[in-house]
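All remarks here apply to the structure that follows.
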Amino acid sequence: MRKLIPILLTVLILCSAILTGCSSTPETNSSEPASTASSEGQSESVAYPITVSHIYGETVIESKPQRVVSIAWENSAAPLALGVTPVGVSEANYGLVTEHKIHPWTDEAFQSLGVDSPHVFNDTDGFDFEAISDAEPDLILAVNSGMTQEEYDTLSEIAPTVAYPEKPWQVSWRDSALIASKAIGMEEEGKKLVEDTEKLIAEKAAEYPALAGKKAIFCWISPDDLSTFSIYLPGDSRADYLNDFGLELPDSIRELAQTTSDFYINVSRENADQLSDVEMIVVYGDAANLETIQADALMNQIPAIKNGAVAFIDDTSALAGGASPSVLSIPYNIDTYLKLLNDAAEAVK
């Protein structure tokens with residue numbers, strides 16, 4: 001999520017980090033995974049060095065990484081899905097987490113690889129450079145992140161580091177998986193993983209034809225202060241994920257997106273009438289908030305709110321983290337998400 005997103009009033013900060021490394025098949029109950037990835041299913045011949053381009057230049061990976069650390073949102077997903085055991089992960093700070101303070105799909109992936117007590121870094125308030133260094137990584141993944149140049153420079157002194165491609169916090173689940181898999185020497189496996197995930201999404205979404213063509217947006221709305229609310233824009237993984245289900249971006253939001261390079265935009269409720277083409281809204285919070293929002297005459301001008309076509313995602317649920325998707329979170333949450341979206345779609349008039 002990441003540093004994830006508390007977006008309150010006019011301030012929206014996306015900040016969460018999943019900090020991992022890759023290693024070989026560990027021993028069960030190990031809290032310190034071994035340092036090489038399982039060879040099963042990997043490309044038999046990968047030509048090194050591998051060069052990965054990103055916002056801060058190019059990272060050259062001279063040989064097969066043995067200890068990969070991934071920082072920020074869901075960057076451990078592709079390695080784990082490909083059978084690579086991280087040497088550590090960051091705490092997840094949004095949505096349901098396990099006793100290890102990571103998302104349940106991450107924890108389950110660790111367990112499937114024989115790690116019952118993964119090494120978890122407490123870096124939700126900033127990268128723990130000392131802990132990262134202590135993990136002795138030979139590659140650091142921060143593909144979906146908001147990493148600064150200064151942070152990149154510091155991390156690059158520890159190990160080769162892969163930052164985000166162009167804009168902070170604007171990486172699709174596809175690109176996140178493809179870039180990470182390339183960096184760990186499993187590019188072809190990563191492509192197959194993305195293809196399989198796309199097939200799963202298509203098959204599941206086909207069961208909910210009511211979603212097709214509906215004009216939908218993903219928002220942050222605080223019922224305690226409706227003066228301003230935030231809308232996630234194209235490029236944000238939450239907004240883009242809705243398109244995978246057949247939902248469409250309203251023209252009004254497409255126009256707003258032209259005014260900023262950020263992954264969200266704040267909208268005054270006085271301008272709610274500009275969103276007359278918004279048929280569905282997905283938003284974090286409690287469904288009980290709908291009545292409060294509908295009671296506001298300005299907010300109730302938005303068709304989705306007036307008709308109750310709003311899908312509320314409980315902040316404490318697994319889906320709260322999974323709405324910003326990855327190749328691991330998608331299969332874990334997709335059934336729950338589609339049912340929630342379908343309920344909202346059926347309220348569209």
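Identifiers for the structure tokens are assigned positionally: chains receive A, B, ... in sequence, residues are indexed from 1 per chain, and ligands are indexed from 1 in the order shown.
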Running DSSP on the backbone, which parts of segment 130-191 of chain A land in alpha helix (DSSP H), as a CSV table (one decimal) with N, CA, C and O atoms, in the first residue's frame?
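The resulting selection_30.csv:
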chain,number,residue,atom,x,y,z
A,130,GLU,N,20.4,0.5,8.8
A,130,GLU,CA,21.3,-0.4,9.6
A,130,GLU,C,20.8,-1.8,9.5
A,130,GLU,O,21.6,-2.8,9.3
A,131,ALA,N,19.5,-2.0,9.6
A,131,ALA,CA,18.9,-3.4,9.5
A,131,ALA,C,19.1,-3.9,8.1
A,131,ALA,O,19.3,-5.1,8.0
A,132,ILE,N,18.9,-3.1,7.1
A,132,ILE,CA,19.1,-3.6,5.8
A,132,ILE,C,20.5,-4.0,5.6
A,132,ILE,O,20.8,-5.1,5.0
A,133,SER,N,21.4,-3.2,6.0
A,133,SER,CA,22.8,-3.6,5.9
A,133,SER,C,23.2,-4.9,6.6
A,133,SER,O,23.9,-5.7,6.1
A,134,ASP,N,22.6,-5.0,7.8
A,134,ASP,CA,22.8,-6.2,8.6
A,134,ASP,C,22.3,-7.5,7.9
A,134,ASP,O,22.8,-8.6,8.2
A,149,GLN,N,16.2,10.3,-3.9
A,149,GLN,CA,17.6,10.2,-4.5
A,149,GLN,C,18.5,9.9,-3.3
A,149,GLN,O,19.4,9.1,-3.4
A,150,GLU,N,18.4,10.7,-2.2
A,150,GLU,CA,19.3,10.5,-1.1
A,150,GLU,C,19.2,9.1,-0.5
A,150,GLU,O,20.2,8.4,-0.2
A,151,GLU,N,18.0,8.5,-0.4
A,151,GLU,CA,17.8,7.2,0.1
A,151,GLU,C,18.4,6.2,-0.9
A,151,GLU,O,19.0,5.2,-0.5
A,152,TYR,N,18.2,6.4,-2.2
A,152,TYR,CA,18.8,5.5,-3.2
A,152,TYR,C,20.3,5.5,-3.1
A,152,TYR,O,20.9,4.5,-3.1
A,153,ASP,N,20.9,6.7,-2.9
A,153,ASP,CA,22.3,6.8,-2.8
A,153,ASP,C,22.8,6.0,-1.6
A,153,ASP,O,23.9,5.3,-1.7
A,154,THR,N,22.1,6.1,-0.5
A,154,THR,CA,22.6,5.4,0.7
A,154,THR,C,22.4,3.9,0.6
A,154,THR,O,23.4,3.2,0.9
A,155,LEU,N,21.3,3.5,0.0
A,155,LEU,CA,21.1,2.1,-0.2
A,155,LEU,C,22.1,1.5,-1.2
A,155,LEU,O,22.5,0.3,-1.1
A,156,SER,N,22.4,2.3,-2.2
A,156,SER,CA,23.3,1.8,-3.3
A,156,SER,C,24.7,1.5,-2.7
A,156,SER,O,25.5,0.7,-3.3
A,173,TRP,N,0.9,-3.6,-10.7
A,173,TRP,CA,1.3,-4.9,-10.2
A,173,TRP,C,2.0,-5.7,-11.2
A,173,TRP,O,2.9,-6.5,-10.9
A,174,ARG,N,1.7,-5.5,-12.5
A,174,ARG,CA,2.4,-6.2,-13.6
A,174,ARG,C,3.9,-5.8,-13.7
A,174,ARG,O,4.8,-6.6,-13.7
A,175,ASP,N,4.1,-4.5,-13.8
A,175,ASP,CA,5.4,-4.0,-13.9
A,175,ASP,C,6.3,-4.3,-12.6
A,175,ASP,O,7.5,-4.6,-12.7
A,176,SER,N,5.6,-4.2,-11.5
A,176,SER,CA,6.4,-4.6,-10.3
A,176,SER,C,6.9,-6.0,-10.3
A,176,SER,O,8.1,-6.2,-10.0
A,177,ALA,N,6.1,-6.9,-10.8
A,177,ALA,CA,6.5,-8.3,-10.9
A,177,ALA,C,7.5,-8.5,-11.9
A,177,ALA,O,8.5,-9.3,-11.7
A,178,LEU,N,7.3,-7.9,-13.1
A,178,LEU,CA,8.2,-8.1,-14.2
A,178,LEU,C,9.6,-7.5,-13.9
A,178,LEU,O,10.6,-8.2,-14.2
A,179,ILE,N,9.7,-6.4,-13.3
A,179,ILE,CA,11.0,-5.7,-13.0
A,179,ILE,C,11.7,-6.5,-11.9
A,179,ILE,O,12.9,-6.8,-12.0
A,180,ALA,N,11.0,-6.9,-10.9
A,180,ALA,CA,11.6,-7.7,-9.8
A,180,ALA,C,12.1,-9.0,-10.3
A,180,ALA,O,13.2,-9.4,-9.9
A,181,SER,N,11.3,-9.7,-11.1
A,181,SER,CA,11.7,-11.0,-11.6
A,181,SER,C,12.9,-10.9,-12.5
A,181,SER,O,13.8,-11.8,-12.5
A,182,LYS,N,13.0,-9.9,-13.3
A,182,LYS,CA,14.2,-9.7,-14.1
A,182,LYS,C,15.4,-9.5,-13.2
A,182,LYS,O,16.5,-10.0,-13.5
A,183,ALA,N,15.3,-8.6,-12.2
A,183,ALA,CA,16.4,-8.3,-11.4
A,183,ALA,C,17.0,-9.5,-10.6
A,183,ALA,O,18.2,-9.6,-10.4
A,187,GLU,N,13.4,-13.6,-15.3
A,187,GLU,CA,12.5,-12.8,-16.1
A,187,GLU,C,11.4,-13.7,-16.8
A,187,GLU,O,10.3,-13.3,-16.8
A,188,GLU,N,11.8,-14.8,-17.4
A,188,GLU,CA,10.8,-15.6,-18.1
A,188,GLU,C,9.8,-16.1,-17.1
A,188,GLU,O,8.6,-16.2,-17.4
A,189,GLU,N,10.2,-16.6,-15.9
A,189,GLU,CA,9.3,-17.0,-14.9
A,189,GLU,C,8.3,-15.9,-14.5
A,189,GLU,O,7.1,-16.1,-14.2
A,190,GLY,N,8.9,-14.7,-14.4
A,190,GLY,CA,8.0,-13.6,-14.1
A,190,GLY,C,7.0,-13.3,-15.1
A,190,GLY,O,5.8,-12.9,-14.8
A,191,LYS,N,7.3,-13.4,-16.4
A,191,LYS,CA,6.3,-13.2,-17.4
A,191,LYS,C,5.2,-14.2,-17.3
A,191,LYS,O,4.0,-13.9,-17.5
Using only C-alpha atoms, which residues sit within 10 Å of Gln301 of chain A once same-chain residues fewer than 4 positions away are excluded, as a PyMOL selection string? chain A and resi 269+271-276+294+296-297+305-307
Filtering to N, CA, C and O atoms, could you give me those residues as a CSV table (one decimal), in the first residue's frame?
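Generated output (out_30.csv):
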chain,number,residue,atom,x,y,z
A,269,ARG,N,-15.5,19.4,-1.9
A,269,ARG,CA,-16.9,18.9,-2.1
A,269,ARG,C,-17.7,20.0,-2.9
A,269,ARG,O,-18.7,19.6,-3.5
A,271,ASN,N,-17.0,21.1,-5.5
A,271,ASN,CA,-16.8,20.7,-6.9
A,271,ASN,C,-17.3,19.3,-7.2
A,271,ASN,O,-17.1,18.8,-8.3
A,272,ALA,N,-18.1,18.8,-6.3
A,272,ALA,CA,-18.6,17.4,-6.5
A,272,ALA,C,-19.5,17.3,-7.7
A,272,ALA,O,-19.6,16.2,-8.3
A,273,ASP,N,-20.1,18.4,-8.1
A,273,ASP,CA,-21.0,18.3,-9.2
A,273,ASP,C,-20.3,18.0,-10.5
A,273,ASP,O,-20.9,17.6,-11.5
A,274,GLN,N,-18.9,18.2,-10.5
A,274,GLN,CA,-18.1,17.9,-11.7
A,274,GLN,C,-18.0,16.4,-11.9
A,274,GLN,O,-17.5,16.0,-13.0
A,275,LEU,N,-18.4,15.6,-10.9
A,275,LEU,CA,-18.3,14.2,-11.0
A,275,LEU,C,-19.6,13.5,-11.4
A,275,LEU,O,-19.9,12.4,-10.9
A,276,SER,N,-20.3,14.1,-12.2
A,276,SER,CA,-21.7,13.6,-12.6
A,276,SER,C,-21.6,12.3,-13.4
A,276,SER,O,-22.7,11.7,-13.5
A,294,GLN,N,-24.2,10.6,2.3
A,294,GLN,CA,-25.4,10.9,1.5
A,294,GLN,C,-26.2,12.1,2.1
A,294,GLN,O,-26.8,12.8,1.4
A,296,ASP,N,-24.9,14.8,3.1
A,296,ASP,CA,-24.3,16.0,2.6
A,296,ASP,C,-24.8,16.3,1.2
A,296,ASP,O,-24.6,15.6,0.3
A,297,ALA,N,-25.5,17.5,1.1
A,297,ALA,CA,-26.2,17.8,-0.2
A,297,ALA,C,-25.2,17.9,-1.3
A,297,ALA,O,-25.6,17.5,-2.5
A,305,ILE,N,-22.8,8.1,-5.0
A,305,ILE,CA,-23.2,8.3,-3.6
A,305,ILE,C,-24.7,8.4,-3.5
A,305,ILE,O,-25.3,7.8,-2.6
A,306,LYS,N,-25.4,9.1,-4.4
A,306,LYS,CA,-26.8,9.2,-4.3
A,306,LYS,C,-27.5,7.9,-4.4
A,306,LYS,O,-28.5,7.6,-3.7
A,307,ASN,N,-27.0,7.0,-5.2
A,307,ASN,CA,-27.6,5.7,-5.5
A,307,ASN,C,-27.1,4.6,-4.5
A,307,ASN,O,-27.6,3.4,-4.6
Go ahead and compute the interatomic distance for atom CA of Lys199 of chain A and atom CA of Leu96 of chain A, in Å to one decimal.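 Taking atom CA of Lys199 of chain A as the start and atom CA of Leu96 of chain A as the end point, the length is 26.3 Å.
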Could you list, as JSON, numbers by chain, every residue within 7 Å of Leu328 of chain A, counting only C-alpha atoms and ignoring same-chain residues fewer than 5 positions away? {"A": [77, 81, 105]}
Non-local contacts of Glu270 of chain A (9 Å; only C-alpha atoms; under 3 positions in same chain excluded) as a PyMOL selection string: chain A and resi 227-228+267+273+298-299
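Relative to atom CA of Val143 of chain A, atom CA of Gly83 of chain A is found at 18.7 Å.
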From A:Ala288, A:Ile102, A:Leu233, A:Val278, residue lying nearest Gly213 of chain A [only C-alpha atoms]: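 The shortest atom-to-atom distance to Gly213 of chain A comes from A:Val278.
Taking atom CA of Pro325 of chain A as the reference point, atom CA of Glu74 of chain A is found at 8.0 Å.
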Selected residue, from A:Leu82, A:Ile265, A:Ile201, A:Val171, that lies nearest to Ile231 of chain A when counting only C-alpha atoms: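 Closest candidate: A:Ile265.
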